[in-house]
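See below for target23.cif, which holds mmCIF, C-alpha atoms.
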data_entry
loop_
_atom_site.group_PDB
_atom_site.id
_atom_site.type_symbol
_atom_site.label_atom_id
_atom_site.label_comp_id
_atom_site.auth_asym_id
_atom_site.auth_seq_id
_atom_site.Cartn_x
_atom_site.Cartn_y
_atom_site.Cartn_z
ATOM 1 C CA MET W 1221 54.080 -40.463 -93.752
ATOM 2 C CA LEU W 1222 51.170 -38.743 -95.436
ATOM 3 C CA ARG W 1223 52.351 -35.401 -94.152
ATOM 4 C CA SER W 1224 55.900 -35.786 -95.504
ATOM 5 C CA ARG W 1225 54.551 -36.918 -98.887
ATOM 6 C CA PHE W 1226 52.320 -33.838 -98.970
ATOM 7 C CA ILE W 1227 55.222 -31.518 -98.118
ATOM 8 C CA ARG W 1228 57.477 -33.115 -100.768
ATOM 9 C CA GLY W 1229 54.709 -32.798 -103.339
ATOM 10 C CA LEU W 1230 54.119 -29.183 -102.383
ATOM 11 C CA GLY W 1231 57.842 -28.443 -102.599
ATOM 12 C CA ALA W 1232 58.071 -30.038 -106.039
ATOM 13 C CA THR W 1233 55.076 -28.037 -107.190
ATOM 14 C CA LEU W 1234 56.535 -24.764 -105.909
ATOM 15 C CA LEU W 1235 59.937 -25.570 -107.385
ATOM 16 C CA GLY W 1236 58.305 -26.335 -110.698
ATOM 17 C CA LEU W 1237 56.524 -22.978 -110.621
ATOM 18 C CA ALA W 1238 59.717 -21.141 -109.737
ATOM 19 C CA VAL W 1239 61.612 -22.748 -112.637
ATOM 20 C CA ALA W 1240 58.824 -22.297 -115.181
ATOM 21 C CA PRO W 1241 59.224 -19.244 -117.418
ATOM 22 C CA ALA W 1242 57.190 -16.265 -116.352
ATOM 23 C CA ARG W 1243 54.334 -15.435 -118.697
ATOM 24 C CA ILE W 1244 53.035 -12.406 -116.865
ATOM 25 C CA ALA W 1245 52.501 -9.223 -118.839
ATOM 26 C CA LEU W 1246 52.189 -6.023 -116.876
ATOM 27 C CA ALA W 1247 50.288 -3.092 -118.286
ATOM 28 C CA THR W 1248 51.694 0.307 -117.397
ATOM 29 C CA ALA W 1249 50.454 3.781 -118.016
ATOM 30 C CA PRO W 1250 52.328 5.781 -120.638
ATOM 31 C CA GLN W 1251 55.154 7.718 -119.058
ATOM 32 C CA ASP W 1252 55.304 10.889 -121.080
ATOM 33 C CA ALA W 1253 56.229 14.421 -120.108
ATOM 34 C CA GLN W 1254 52.605 15.393 -119.487
ATOM 35 C CA SER W 1255 52.098 12.744 -116.787
ATOM 36 C CA ASP W 1256 54.602 14.467 -114.451
ATOM 37 C CA PRO W 1257 52.527 16.844 -112.274
ATOM 38 C CA ASN W 1258 55.581 18.923 -111.262
ATOM 39 C CA LYS W 1259 56.901 19.500 -114.785
ATOM 40 C CA GLY W 1260 57.221 23.211 -115.457
ATOM 41 C CA ARG W 1261 56.357 24.297 -111.907
ATOM 42 C CA THR W 1262 58.488 26.654 -109.863
ATOM 43 C CA PRO W 1263 59.943 25.431 -106.560
ATOM 44 C CA GLU W 1264 57.412 27.611 -104.697
ATOM 45 C CA GLU W 1265 54.503 26.003 -106.586
ATOM 46 C CA ARG W 1266 55.867 22.517 -105.838
ATOM 47 C CA MET W 1267 56.173 23.370 -102.154
ATOM 48 C CA ASN W 1268 52.573 24.604 -102.027
ATOM 49 C CA ARG W 1269 51.404 21.296 -103.523
ATOM 50 C CA ARG W 1270 53.133 19.455 -100.638
ATOM 51 C CA TYR W 1271 50.813 20.904 -97.975
ATOM 52 C CA PRO W 1272 53.183 23.235 -96.091
ATOM 53 C CA GLN W 1273 52.648 23.250 -92.352
ATOM 54 C CA PRO W 1274 53.821 25.658 -89.647
ATOM 55 C CA VAL W 1275 56.865 24.606 -87.671
ATOM 56 C CA LYS W 1276 59.103 26.342 -85.144
ATOM 57 C CA VAL W 1277 62.630 27.052 -86.332
ATOM 58 C CA GLY W 1278 64.089 25.547 -83.169
ATOM 59 C CA PHE W 1279 62.494 22.219 -84.087
ATOM 60 C CA LEU W 1280 64.460 22.144 -87.371
ATOM 61 C CA ILE W 1281 67.890 22.852 -85.886
ATOM 62 C CA GLY W 1282 69.903 19.641 -85.692
ATOM 63 C CA LEU W 1283 67.630 17.554 -87.939
ATOM 64 C CA PRO W 1284 69.381 15.462 -90.618
ATOM 65 C CA VAL W 1285 68.892 16.312 -94.291
ATOM 66 C CA LEU W 1286 68.493 13.063 -96.253
ATOM 67 C CA ASP W 1287 68.591 12.079 -99.922
ATOM 68 C CA GLU W 1288 66.196 9.634 -101.603
ATOM 69 C CA ARG W 1289 68.233 6.643 -100.320
ATOM 70 C CA ASP W 1290 68.223 7.927 -96.716
ATOM 71 C CA ALA W 1291 71.898 8.907 -96.844
ATOM 72 C CA THR W 1292 72.647 11.967 -94.720
ATOM 73 C CA TYR W 1293 73.908 15.112 -96.449
ATOM 74 C CA GLY W 1294 74.370 16.933 -93.157
ATOM 75 C CA TYR W 1295 72.493 18.386 -90.194
ATOM 76 C CA ILE W 1296 70.692 21.722 -90.198
ATOM 77 C CA ARG W 1297 72.889 24.196 -88.409
ATOM 78 C CA GLU W 1298 70.901 27.392 -88.936
ATOM 79 C CA VAL W 1299 67.776 28.800 -90.608
ATOM 80 C CA VAL W 1300 68.340 32.154 -92.334
ATOM 81 C CA ARG W 1301 66.194 34.708 -94.161
ATOM 82 C CA THR W 1302 68.193 36.097 -97.087
ATOM 83 C CA ALA W 1303 68.197 39.728 -98.195
ATOM 84 C CA GLY W 1304 65.714 38.759 -100.935
ATOM 85 C CA GLY W 1305 63.237 37.418 -98.352
ATOM 86 C CA LYS W 1306 63.829 33.723 -99.106
ATOM 87 C CA ILE W 1307 64.386 31.239 -96.283
ATOM 88 C CA VAL W 1308 67.358 28.874 -96.521
ATOM 89 C CA LEU W 1309 68.608 26.056 -94.335
ATOM 90 C CA VAL W 1310 72.341 26.170 -93.662
ATOM 91 C CA VAL W 1311 73.664 22.610 -93.861
ATOM 92 C CA PRO W 1312 77.341 21.670 -93.419
ATOM 93 C CA TYR W 1313 78.099 19.324 -96.321
ATOM 94 C CA ARG W 1314 81.039 17.134 -97.213
ATOM 95 C CA THR W 1315 81.256 14.919 -100.304
ATOM 96 C CA ARG W 1316 82.476 11.858 -98.405
ATOM 97 C CA LEU W 1317 81.695 10.780 -94.874
ATOM 98 C CA GLY W 1318 79.205 13.621 -94.398
ATOM 99 C CA TRP W 1319 78.048 12.121 -91.127
ATOM 100 C CA ALA W 1320 81.517 12.252 -89.512
ATOM 101 C CA PRO W 1321 81.609 14.621 -86.512
ATOM 102 C CA THR W 1322 84.566 16.760 -87.648
ATOM 103 C CA ASP W 1323 84.337 19.942 -89.731
ATOM 104 C CA TRP W 1324 87.381 19.093 -91.834
ATOM 105 C CA GLY W 1325 86.569 19.311 -95.552
ATOM 106 C CA ARG W 1326 83.061 20.626 -95.021
ATOM 107 C CA LYS W 1327 81.380 23.620 -96.569
ATOM 108 C CA ASP W 1328 78.170 25.255 -95.454
ATOM 109 C CA VAL W 1329 75.491 25.027 -98.156
ATOM 110 C CA ALA W 1330 72.354 27.188 -98.268
ATOM 111 C CA VAL W 1331 69.471 24.852 -99.132
ATOM 112 C CA PRO W 1332 66.298 26.700 -100.220
ATOM 113 C CA LEU W 1333 63.295 25.865 -98.056
ATOM 114 C CA GLU W 1334 61.202 25.227 -101.189
ATOM 115 C CA THR W 1335 63.355 22.223 -102.141
ATOM 116 C CA VAL W 1336 62.937 20.235 -98.917
ATOM 117 C CA ALA W 1337 60.111 18.678 -96.915
ATOM 118 C CA ILE W 1338 59.855 17.494 -93.351
ATOM 119 C CA LEU W 1339 59.592 13.750 -92.837
ATOM 120 C CA ALA W 1340 58.986 12.970 -89.130
ATOM 121 C CA ARG W 1341 62.244 13.893 -87.320
ATOM 122 C CA GLN W 1342 64.247 14.375 -90.513
ATOM 123 C CA VAL W 1343 64.202 16.563 -93.607
ATOM 124 C CA ALA W 1344 64.059 15.083 -97.116
ATOM 125 C CA ALA W 1345 65.897 16.963 -99.875
ATOM 126 C CA LEU W 1346 63.354 16.393 -102.636
ATOM 127 C CA ASP W 1347 64.449 18.911 -105.258
ATOM 128 C CA PHE W 1348 68.076 19.395 -104.165
ATOM 129 C CA SER W 1349 70.272 16.498 -105.304
ATOM 130 C CA ARG W 1350 73.796 15.481 -104.374
ATOM 131 C CA GLU W 1351 75.014 17.186 -107.564
ATOM 132 C CA ASP W 1352 73.332 20.397 -106.393
ATOM 133 C CA PHE W 1353 75.124 20.095 -103.044
ATOM 134 C CA ASP W 1354 78.447 19.521 -104.815
ATOM 135 C CA ALA W 1355 77.933 22.471 -107.176
ATOM 136 C CA ALA W 1356 76.589 24.883 -104.556
ATOM 137 C CA PRO W 1357 78.952 27.680 -103.525
ATOM 138 C CA PRO W 1358 79.921 27.844 -99.860
ATOM 139 C CA TYR W 1359 77.382 29.797 -97.843
ATOM 140 C CA THR W 1360 78.568 33.215 -96.733
ATOM 141 C CA PRO W 1361 76.674 34.802 -93.859
ATOM 142 C CA GLY W 1362 74.651 37.687 -95.166
ATOM 143 C CA GLY W 1363 71.100 37.083 -94.106
ATOM 144 C CA THR W 1364 69.230 37.342 -90.854
ATOM 145 C CA PRO W 1365 69.245 34.195 -88.694
ATOM 146 C CA LEU W 1366 65.746 33.318 -87.515
ATOM 147 C CA ALA W 1367 65.035 32.945 -83.820
ATOM 148 C CA ALA W 1368 64.263 29.483 -82.453
ATOM 149 C CA ASP W 1369 60.721 30.485 -81.464
ATOM 150 C CA GLU W 1370 59.837 31.925 -84.890
ATOM 151 C CA THR W 1371 57.357 29.921 -86.972
ATOM 152 C CA ILE W 1372 57.863 29.175 -90.676
ATOM 153 C CA ARG W 1373 56.014 26.946 -93.153
ATOM 154 C CA ILE W 1374 57.687 23.822 -94.518
ATOM 155 C CA ALA W 1375 56.328 21.161 -96.865
ATOM 156 C CA VAL W 1376 55.286 17.772 -95.497
ATOM 157 C CA TYR W 1377 56.521 14.536 -97.061
ATOM 158 C CA ARG W 1378 55.674 10.895 -96.528
ATOM 159 C CA ARG W 1379 56.713 7.726 -98.240
#
What is this file in structure tokens?
Amino acid sequence: MLRSRFIRGLGATLLGLAVAPARIALATAPQDAQSDPNKGRTPEERMNRRYPQPVKVGFLIGLPVLDERDATYGYIREVVRTAGGKIVLVVPYRTRLGWAPTDWGRKDVAVPLETVAILARQVAALDFSREDFDAAPPYTPGGTPLAADETIRIAVYRR
């Protein structure tokens, strides 16, 4: 009897708190352009701030490339060094149903290594958005594919 009265009283108290108007004021730091540490930095400078670590190219092949909501853009098919010396990840991309196993409607997109970071057994596209994937021209082979045992440096990311 005492226990049920206590629980009903507790429930009424909690219900009363949930219905009462919230009078909580949160203080936030000013969000101006100078508070963004990456503003005005090149992609190479941003990558160097993300603690790049050595990784074998063979480890990257087949890893999914994810957006900020963990939706898959595609899976890394190849790692290529362009004629200009930049390293790009070749990712087959399709606007809709990118995870589907067929190649119908897909285009290969060259994603610069500076715009991604490794996140466990996946790659996060940090500075390469869905709009960038849509606007990117189809990749045409012209660089040198890297061997699976070659080591490159890729940024590290954690949530």
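Put simply, atom CA of Asp1369 of chain W is 27.2 Å away from atom CA of Asp1287 of chain W.
Minimum atom-to-atom distance to Ala1368 of chain W, evaluated using only C-alpha atoms, belongs to W:Glu1298 out of W:Glu1351, W:Glu1265, W:Glu1334, W:Glu1298.
We find atom CA of Leu1366 of chain W and atom CA of Val1277 of chain W to be spaced 7.1 Å apart.
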Take the PyMOL selection byres ((chain W and resi 1332) around 8), apply it to the structure above, and return the hits as a ChimeraX atom specification.
-> /W:1306-1309,1330-1331,1333-1336
Please dump the current selection as a compact mmCIF listing (two decimals), keeping the file's coordinate frame; keep C-alpha atoms.
# COMPACT_ATOMS: atom_id res chain seq x y z
CA LYS W 1306 63.83 33.72 -99.11
CA ILE W 1307 64.39 31.24 -96.28
CA VAL W 1308 67.36 28.87 -96.52
CA LEU W 1309 68.61 26.06 -94.34
CA ALA W 1330 72.35 27.19 -98.27
CA VAL W 1331 69.47 24.85 -99.13
CA LEU W 1333 63.30 25.86 -98.06
CA GLU W 1334 61.20 25.23 -101.19
CA THR W 1335 63.36 22.22 -102.14
CA VAL W 1336 62.94 20.24 -98.92
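Considering all atoms listed in the file, the residue among W:Thr1292, W:Thr1262, W:Thr1302, W:Gln1273 positioned nearest to Tyr1359 of chain W is W:Thr1302.
Distances to Val1285 of chain W were evaluated for W:Gly1362, W:Ala1355, W:Ala1375, W:Tyr1313 using all atoms listed in the file, and the minimum falls at W:Tyr1313.
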Give as a PyMOL selection string the residues that the PyMOL selection byres ((chain W and resi 1272) around 7) matches when applied to the coordinates above.
-> chain W and resi 1267-1268+1270-1271+1273-1274+1373-1376
